[in-house]
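Asker: Have a look at this one.
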Amino acid sequence: MSSEKKYCCICNNTGVLHSQVYYPNFDLSSIAYCKCSIGAQLFAKWCQSNKVQESIRNKRLQEVERALKFSNIPQQWQDKSFSNLRGCQHIKQLLHDYLENFYKKKIGIYLWSIDSRTGKTHVSIALCKKIMDRYVVPAIFITEEEMYTRIRSCFDNHSSSEEVTINKFKKINCLFIDDLGATKITKWKLEILTGILNFRLMNCKPTFFTSNYSIDQYQKKIAQVCDRPQRIPMRIREMADIIHMTKS
Ligand SMILES: [Zn+2]
């Protein structure tokens, strides 16, 4: 056997083909690379180029923008950040550590307190915006009730199907569900929520919750309408760090 490199008769060892291809991941058109080892090397080099890296970043910025528009952050909440959150030093430190390890953890947070005035929503919005800014990761922030409203509204207006909307909540990189358990619980809602959380758990997509209930209390609420009330709480425990928020 000869140690000579194999000759590629598709590209004549140039690594490139005489055609243009659209690369959806980069949102760029460019020459097509050959499948051979020379082509693969050239393609890898091209992927690292400034042009491609900048295009990837722009594409992600657009996704972040779209997700933010889809979110339902009330106007008066939009300037919420960690710097204008009074007190809560302990929570700030925990979330600072969380953000440092965001990519390693691939897990969300369940932030709860019985007292509704502890600033959970403020903290959650601040965290959502920080993740989007720092890591350019698209995120949807929405109350549990509003999430069902969006899905239900697909029955009425046929602009998008119910499944398309559910998929948005399943597939978005980060999902923030505000005020879990505040809505009237129905079997339909539990089915929808189970489907969304299941998908997100399986695909390691961080999900964040705020609630006025501990997980045990939430499970008792579900038990009033459902035979298997442990299904959702079990998933939440698996997919999120549980933080009990207290004032100070
Ligand atoms: Zn080739």
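FYI, nothing fancy with the structure tokens labels: chains A, B, ... in order, residues from 1 per chain, ligands from 1 as they appear.
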Would you kindly return, as a VMD selection string, each protein, DNA or RNA residue with an atom no farther than 10 Å from any atom of region 65-77 of chain A, considering only C-alpha atoms and excluding same-chain residues fewer than 2 positions away?

Answerer: chain A and resid 59 to 63 79 to 81 121 to 122 125 to 126 128 to 129 132 136 to 143 146 to 147 168 172 to 176

Asker: Based on the selection just made, write N, CA and C atoms of those residues as a short mmCIF file (atom, residue, chain, number, x, y, z; two decimals), in the first residue's frame.

Answerer:
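part_37.cif, written as the output of this step:
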```cif
data_model
loop_
_atom_site.label_atom_id
_atom_site.label_comp_id
_atom_site.auth_asym_id
_atom_site.auth_seq_id
_atom_site.Cartn_x
_atom_site.Cartn_y
_atom_site.Cartn_z
N LYS A 59 -27.20 36.35 13.55
CA LYS A 59 -28.36 35.48 13.48
C LYS A 59 -28.92 35.25 14.89
N ARG A 60 -28.01 35.02 15.83
CA ARG A 60 -28.46 34.79 17.21
C ARG A 60 -29.06 36.06 17.82
N LEU A 61 -28.48 37.20 17.50
CA LEU A 61 -29.04 38.46 18.01
C LEU A 61 -30.47 38.65 17.51
N GLN A 62 -30.69 38.28 16.25
CA GLN A 62 -32.05 38.39 15.71
C GLN A 62 -33.00 37.44 16.43
N GLU A 63 -32.51 36.23 16.74
CA GLU A 63 -33.36 35.27 17.47
C GLU A 63 -33.69 35.79 18.85
N ASP A 79 -37.18 47.55 32.72
CA ASP A 79 -35.85 48.01 33.14
C ASP A 79 -35.37 47.27 34.39
N LYS A 80 -36.02 46.16 34.73
CA LYS A 80 -35.60 45.41 35.94
C LYS A 80 -34.25 44.75 35.71
N SER A 81 -33.36 44.97 36.64
CA SER A 81 -32.05 44.33 36.55
C SER A 81 -31.56 44.02 37.96
N THR A 121 -40.47 38.00 40.55
CA THR A 121 -40.59 38.32 39.13
C THR A 121 -39.45 39.25 38.71
N HIS A 122 -39.15 40.20 39.57
CA HIS A 122 -38.02 41.10 39.30
C HIS A 122 -36.73 40.29 39.08
N ILE A 125 -36.90 38.26 35.75
CA ILE A 125 -36.70 39.09 34.55
C ILE A 125 -35.23 39.51 34.43
N ALA A 126 -34.65 39.90 35.57
CA ALA A 126 -33.23 40.31 35.56
C ALA A 126 -32.35 39.17 35.06
N CYS A 128 -33.27 36.60 33.18
CA CYS A 128 -33.60 36.36 31.77
C CYS A 128 -32.81 37.33 30.89
N LYS A 129 -32.83 38.61 31.25
CA LYS A 129 -32.14 39.60 30.42
C LYS A 129 -30.63 39.41 30.44
N MET A 132 -29.69 36.59 28.12
CA MET A 132 -29.77 37.01 26.71
C MET A 132 -28.60 37.92 26.33
N VAL A 136 -26.00 35.72 24.54
CA VAL A 136 -26.75 35.81 23.28
C VAL A 136 -27.60 34.55 23.08
N VAL A 137 -28.36 34.22 24.12
CA VAL A 137 -29.22 33.04 24.07
C VAL A 137 -30.68 33.51 24.04
N PRO A 138 -31.46 33.07 23.05
CA PRO A 138 -32.87 33.46 23.00
C PRO A 138 -33.65 32.90 24.20
N ALA A 139 -34.54 33.71 24.76
CA ALA A 139 -35.33 33.27 25.90
C ALA A 139 -36.73 33.86 25.81
N ILE A 140 -37.71 33.09 26.26
CA ILE A 140 -39.08 33.61 26.35
C ILE A 140 -39.42 33.74 27.83
N PHE A 141 -39.98 34.89 28.18
CA PHE A 141 -40.44 35.13 29.54
C PHE A 141 -41.95 35.32 29.47
N ILE A 142 -42.69 34.52 30.24
CA ILE A 142 -44.15 34.57 30.13
C ILE A 142 -44.79 34.03 31.40
N THR A 143 -45.97 34.56 31.77
CA THR A 143 -46.65 33.95 32.92
C THR A 143 -47.26 32.63 32.46
N GLU A 146 -50.56 33.25 30.67
CA GLU A 146 -50.40 33.84 29.33
C GLU A 146 -49.93 32.78 28.31
N MET A 147 -49.14 31.84 28.78
CA MET A 147 -48.67 30.77 27.91
C MET A 147 -49.86 29.98 27.36
N LYS A 168 -42.86 26.45 20.09
CA LYS A 168 -42.06 27.61 20.49
C LYS A 168 -41.64 27.47 21.95
N ILE A 172 -37.56 26.84 22.54
CA ILE A 172 -36.79 28.04 22.84
C ILE A 172 -35.64 27.65 23.80
N ASN A 173 -34.48 28.26 23.61
CA ASN A 173 -33.30 27.87 24.41
C ASN A 173 -33.57 27.96 25.91
N CYS A 174 -34.13 29.11 26.35
CA CYS A 174 -34.47 29.27 27.76
C CYS A 174 -35.93 29.69 27.88
N LEU A 175 -36.65 29.04 28.79
CA LEU A 175 -38.06 29.40 29.01
C LEU A 175 -38.25 29.82 30.47
N PHE A 176 -38.81 31.01 30.65
CA PHE A 176 -39.11 31.52 32.00
C PHE A 176 -40.63 31.51 32.19
#
```

Asker: Please identify every polymer residue within 12 Å of ligand 1, using only C-alpha atoms and all ligand atoms, and present the set as a PDB file with N, CA and C atoms, in the first residue's frame.

Answerer:
```
ATOM      1  N   LYS A   5      -1.317  10.384  -0.533  1.00  0.00           N
ATOM      2  CA  LYS A   5      -2.691  10.827  -0.302  1.00  0.00           C
ATOM      3  C   LYS A   5      -3.553  10.415  -1.473  1.00  0.00           C
ATOM      4  N   LYS A   6      -4.765   9.997  -1.165  1.00  0.00           N
ATOM      5  CA  LYS A   6      -5.693   9.617  -2.231  1.00  0.00           C
ATOM      6  C   LYS A   6      -6.018  10.832  -3.062  1.00  0.00           C
ATOM      7  N   TYR A   7      -6.095  10.621  -4.364  1.00  0.00           N
ATOM      8  CA  TYR A   7      -6.469  11.729  -5.236  1.00  0.00           C
ATOM      9  C   TYR A   7      -7.995  11.822  -5.311  1.00  0.00           C
ATOM     10  N   CYS A   8      -8.533  13.021  -5.114  1.00  0.00           N
ATOM     11  CA  CYS A   8      -9.984  13.196  -5.190  1.00  0.00           C
ATOM     12  C   CYS A   8     -10.354  13.671  -6.585  1.00  0.00           C
ATOM     13  N   CYS A   9     -11.046  12.797  -7.318  1.00  0.00           N
ATOM     14  CA  CYS A   9     -11.369  13.169  -8.688  1.00  0.00           C
ATOM     15  C   CYS A   9     -12.647  13.998  -8.766  1.00  0.00           C
ATOM     16  N   ILE A  10     -13.273  14.247  -7.619  1.00  0.00           N
ATOM     17  CA  ILE A  10     -14.473  15.107  -7.654  1.00  0.00           C
ATOM     18  C   ILE A  10     -14.047  16.573  -7.695  1.00  0.00           C
ATOM     19  N   CYS A  11     -13.056  16.928  -6.849  1.00  0.00           N
ATOM     20  CA  CYS A  11     -12.617  18.340  -6.808  1.00  0.00           C
ATOM     21  C   CYS A  11     -11.189  18.517  -7.328  1.00  0.00           C
ATOM     22  N   ASN A  12     -10.609  17.464  -7.843  1.00  0.00           N
ATOM     23  CA  ASN A  12      -9.206  17.506  -8.284  1.00  0.00           C
ATOM     24  C   ASN A  12      -8.280  18.028  -7.191  1.00  0.00           C
ATOM     25  N   ASN A  13      -8.572  17.651  -5.972  1.00  0.00           N
ATOM     26  CA  ASN A  13      -7.781  18.056  -4.798  1.00  0.00           C
ATOM     27  C   ASN A  13      -7.779  19.562  -4.505  1.00  0.00           C
ATOM     28  N   THR A  14      -8.766  20.270  -5.055  1.00  0.00           N
ATOM     29  CA  THR A  14      -8.855  21.695  -4.710  1.00  0.00           C
ATOM     30  C   THR A  14      -9.698  21.870  -3.437  1.00  0.00           C
ATOM     31  N   GLY A  15     -10.534  20.881  -3.138  1.00  0.00           N
ATOM     32  CA  GLY A  15     -11.394  20.959  -1.951  1.00  0.00           C
ATOM     33  C   GLY A  15     -12.694  21.704  -2.203  1.00  0.00           C
ATOM     34  N   VAL A  16     -12.798  22.404  -3.338  1.00  0.00           N
ATOM     35  CA  VAL A  16     -14.028  23.163  -3.582  1.00  0.00           C
ATOM     36  C   VAL A  16     -14.724  22.699  -4.857  1.00  0.00           C
ATOM     37  N   LEU A  17     -16.022  22.923  -4.901  1.00  0.00           N
ATOM     38  CA  LEU A  17     -16.819  22.543  -6.069  1.00  0.00           C
ATOM     39  C   LEU A  17     -17.320  23.817  -6.735  1.00  0.00           C
ATOM     40  N   HIS A  18     -17.662  23.723  -7.994  1.00  0.00           N
ATOM     41  CA  HIS A  18     -18.057  24.937  -8.709  1.00  0.00           C
ATOM     42  C   HIS A  18     -19.543  25.213  -8.558  1.00  0.00           C
ATOM     43  N   ALA A  32     -19.512  25.699  -2.470  1.00  0.00           N
ATOM     44  CA  ALA A  32     -19.686  24.374  -1.875  1.00  0.00           C
ATOM     45  C   ALA A  32     -18.319  23.731  -1.688  1.00  0.00           C
ATOM     46  N   TYR A  33     -18.150  23.074  -0.552  1.00  0.00           N
ATOM     47  CA  TYR A  33     -16.902  22.358  -0.303  1.00  0.00           C
ATOM     48  C   TYR A  33     -17.086  20.885  -0.605  1.00  0.00           C
ATOM     49  N   CYS A  34     -16.040  20.272  -1.048  1.00  0.00           N
ATOM     50  CA  CYS A  34     -16.080  18.843  -1.377  1.00  0.00           C
ATOM     51  C   CYS A  34     -16.164  18.016  -0.091  1.00  0.00           C
ATOM     52  N   LYS A  35     -16.703  16.799  -0.195  1.00  0.00           N
ATOM     53  CA  LYS A  35     -16.836  15.938   0.991  1.00  0.00           C
ATOM     54  C   LYS A  35     -15.511  15.267   1.381  1.00  0.00           C
ATOM     55  N   CYS A  36     -14.490  15.426   0.547  1.00  0.00           N
ATOM     56  CA  CYS A  36     -13.221  14.748   0.827  1.00  0.00           C
ATOM     57  C   CYS A  36     -12.460  15.464   1.945  1.00  0.00           C
ATOM     58  N   SER A  37     -11.326  14.908   2.370  1.00  0.00           N
ATOM     59  CA  SER A  37     -10.614  15.464   3.531  1.00  0.00           C
ATOM     60  C   SER A  37     -10.087  16.870   3.251  1.00  0.00           C
ATOM     61  N   ILE A  38      -9.698  17.144   2.033  1.00  0.00           N
ATOM     62  CA  ILE A  38      -9.209  18.495   1.701  1.00  0.00           C
ATOM     63  C   ILE A  38     -10.364  19.504   1.820  1.00  0.00           C
ATOM     64  N   GLY A  39     -11.534  19.103   1.283  1.00  0.00           N
ATOM     65  CA  GLY A  39     -12.716  19.959   1.368  1.00  0.00           C
ATOM     66  C   GLY A  39     -13.121  20.199   2.814  1.00  0.00           C
ATOM     67  N   ALA A  40     -13.075  19.133   3.621  1.00  0.00           N
ATOM     68  CA  ALA A  40     -13.479  19.245   5.031  1.00  0.00           C
ATOM     69  C   ALA A  40     -12.571  20.223   5.773  1.00  0.00           C
ATOM     70  N   GLN A  41     -11.270  20.168   5.452  1.00  0.00           N
ATOM     71  CA  GLN A  41     -10.316  21.080   6.100  1.00  0.00           C
ATOM     72  C   GLN A  41     -10.593  22.535   5.734  1.00  0.00           C
ATOM     73  N   LEU A  42     -10.851  22.759   4.449  1.00  0.00           N
ATOM     74  CA  LEU A  42     -11.141  24.127   3.992  1.00  0.00           C
ATOM     75  C   LEU A  42     -12.440  24.644   4.611  1.00  0.00           C
ATOM     76  N   PHE A  43     -13.430  23.736   4.708  1.00  0.00           N
ATOM     77  CA  PHE A  43     -14.723  24.123   5.283  1.00  0.00           C
ATOM     78  C   PHE A  43     -14.547  24.522   6.750  1.00  0.00           C
TER      79      PHE A  43
END
```

Asker: List the spatial neighbours of Ser113 (chain A) as a list in words - criterion: any atom at most 7 Å away, only C-alpha atoms, same-chain residues fewer than 3 positions off excluded.

Answerer: Ser116, Ser211, Asn212, Tyr213, His244, Met245 and Thr246 of chain A

Asker: Find, counting only C-alpha atoms, the residue in A:Glu238, A:Asp156, A:Asp133, A:Asp179 that gets nearest to Leu197 (chain A).

Answerer: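 Using only C-alpha atoms, the shortest distance to Leu197 (chain A) belongs to A:Glu238.
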
Asker: Quick check for you: according to DSSP on this backbone, which residues of region 87-238 of chain A are classed as helix (DSSP H, G or I)? Reply as a PyMOL selection string.

Answerer: chain A and resi 89-100+102-105+120-135+144-156+162-171+187-202+215-223+231-238

Asker: Just the residues within 10 Å of Gln219 (chain A), please, counting only C-alpha atoms, with nothing from its chain fewer than 4 positions along; format it as a list in words.

Answerer: Gly181, Tyr213, Ser214, Ile215, Ala223, Gln224, Cys226, Arg228, Pro229, Gln230, Arg231, Ile232, Pro233 and Met234 of chain A

Asker: Could you write out the selected residues, including C-alpha atoms, as a tab-separated table (two decimals), in the first residue's frame?

Answerer:
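Result file part.tsv:
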```
chain	number	residue	atom	x	y	z
A	181	GLY	CA	-49.70	27.58	39.92
A	213	TYR	CA	-45.92	27.59	46.15
A	214	SER	CA	-43.28	25.16	47.27
A	215	ILE	CA	-43.15	22.13	45.01
A	223	ALA	CA	-53.88	16.58	43.01
A	224	GLN	CA	-57.32	18.22	43.11
A	226	CYS	CA	-55.31	14.96	38.40
A	228	ARG	CA	-50.99	11.44	38.84
A	229	PRO	CA	-50.13	14.77	40.47
A	230	GLN	CA	-46.46	13.87	40.90
A	231	ARG	CA	-45.66	13.94	37.17
A	232	ILE	CA	-44.94	17.66	36.79
A	233	PRO	CA	-43.31	18.22	40.22
A	234	MET	CA	-41.01	15.27	39.57
```

Asker: I need the residues in region 3-121 of chain A that are strand (DSSP E) according to DSSP; give them as a PyMOL selection string.

Answerer: chain A and resi 16-23+28-33+108-112

Asker: Could you write out that same residue set with C-alpha atoms as an mmCIF file, in the first residue's frame?

Answerer:
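Okay, selection.cif is ready:
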```
data_model
loop_
_atom_site.group_PDB
_atom_site.id
_atom_site.type_symbol
_atom_site.label_atom_id
_atom_site.label_comp_id
_atom_site.auth_asym_id
_atom_site.auth_seq_id
_atom_site.Cartn_x
_atom_site.Cartn_y
_atom_site.Cartn_z
ATOM 1 C CA VAL A 16 -14.028 23.163 -3.582
ATOM 2 C CA LEU A 17 -16.819 22.543 -6.069
ATOM 3 C CA HIS A 18 -18.057 24.937 -8.709
ATOM 4 C CA SER A 19 -21.384 25.728 -7.124
ATOM 5 C CA GLN A 20 -22.886 27.977 -4.463
ATOM 6 C CA VAL A 21 -24.693 26.642 -1.420
ATOM 7 C CA TYR A 22 -26.820 28.335 1.206
ATOM 8 C CA TYR A 23 -25.750 27.478 4.774
ATOM 9 C CA LEU A 28 -24.714 32.786 4.346
ATOM 10 C CA SER A 29 -24.242 31.620 0.792
ATOM 11 C CA SER A 30 -20.813 30.446 -0.197
ATOM 12 C CA ILE A 31 -19.007 28.045 -2.466
ATOM 13 C CA ALA A 32 -19.686 24.374 -1.875
ATOM 14 C CA TYR A 33 -16.902 22.358 -0.303
ATOM 15 C CA GLY A 108 -32.966 25.977 35.384
ATOM 16 C CA ILE A 109 -34.192 27.454 38.648
ATOM 17 C CA TYR A 110 -37.434 27.160 40.638
ATOM 18 C CA LEU A 111 -37.723 30.351 42.640
ATOM 19 C CA TRP A 112 -40.498 30.344 45.191
#
```
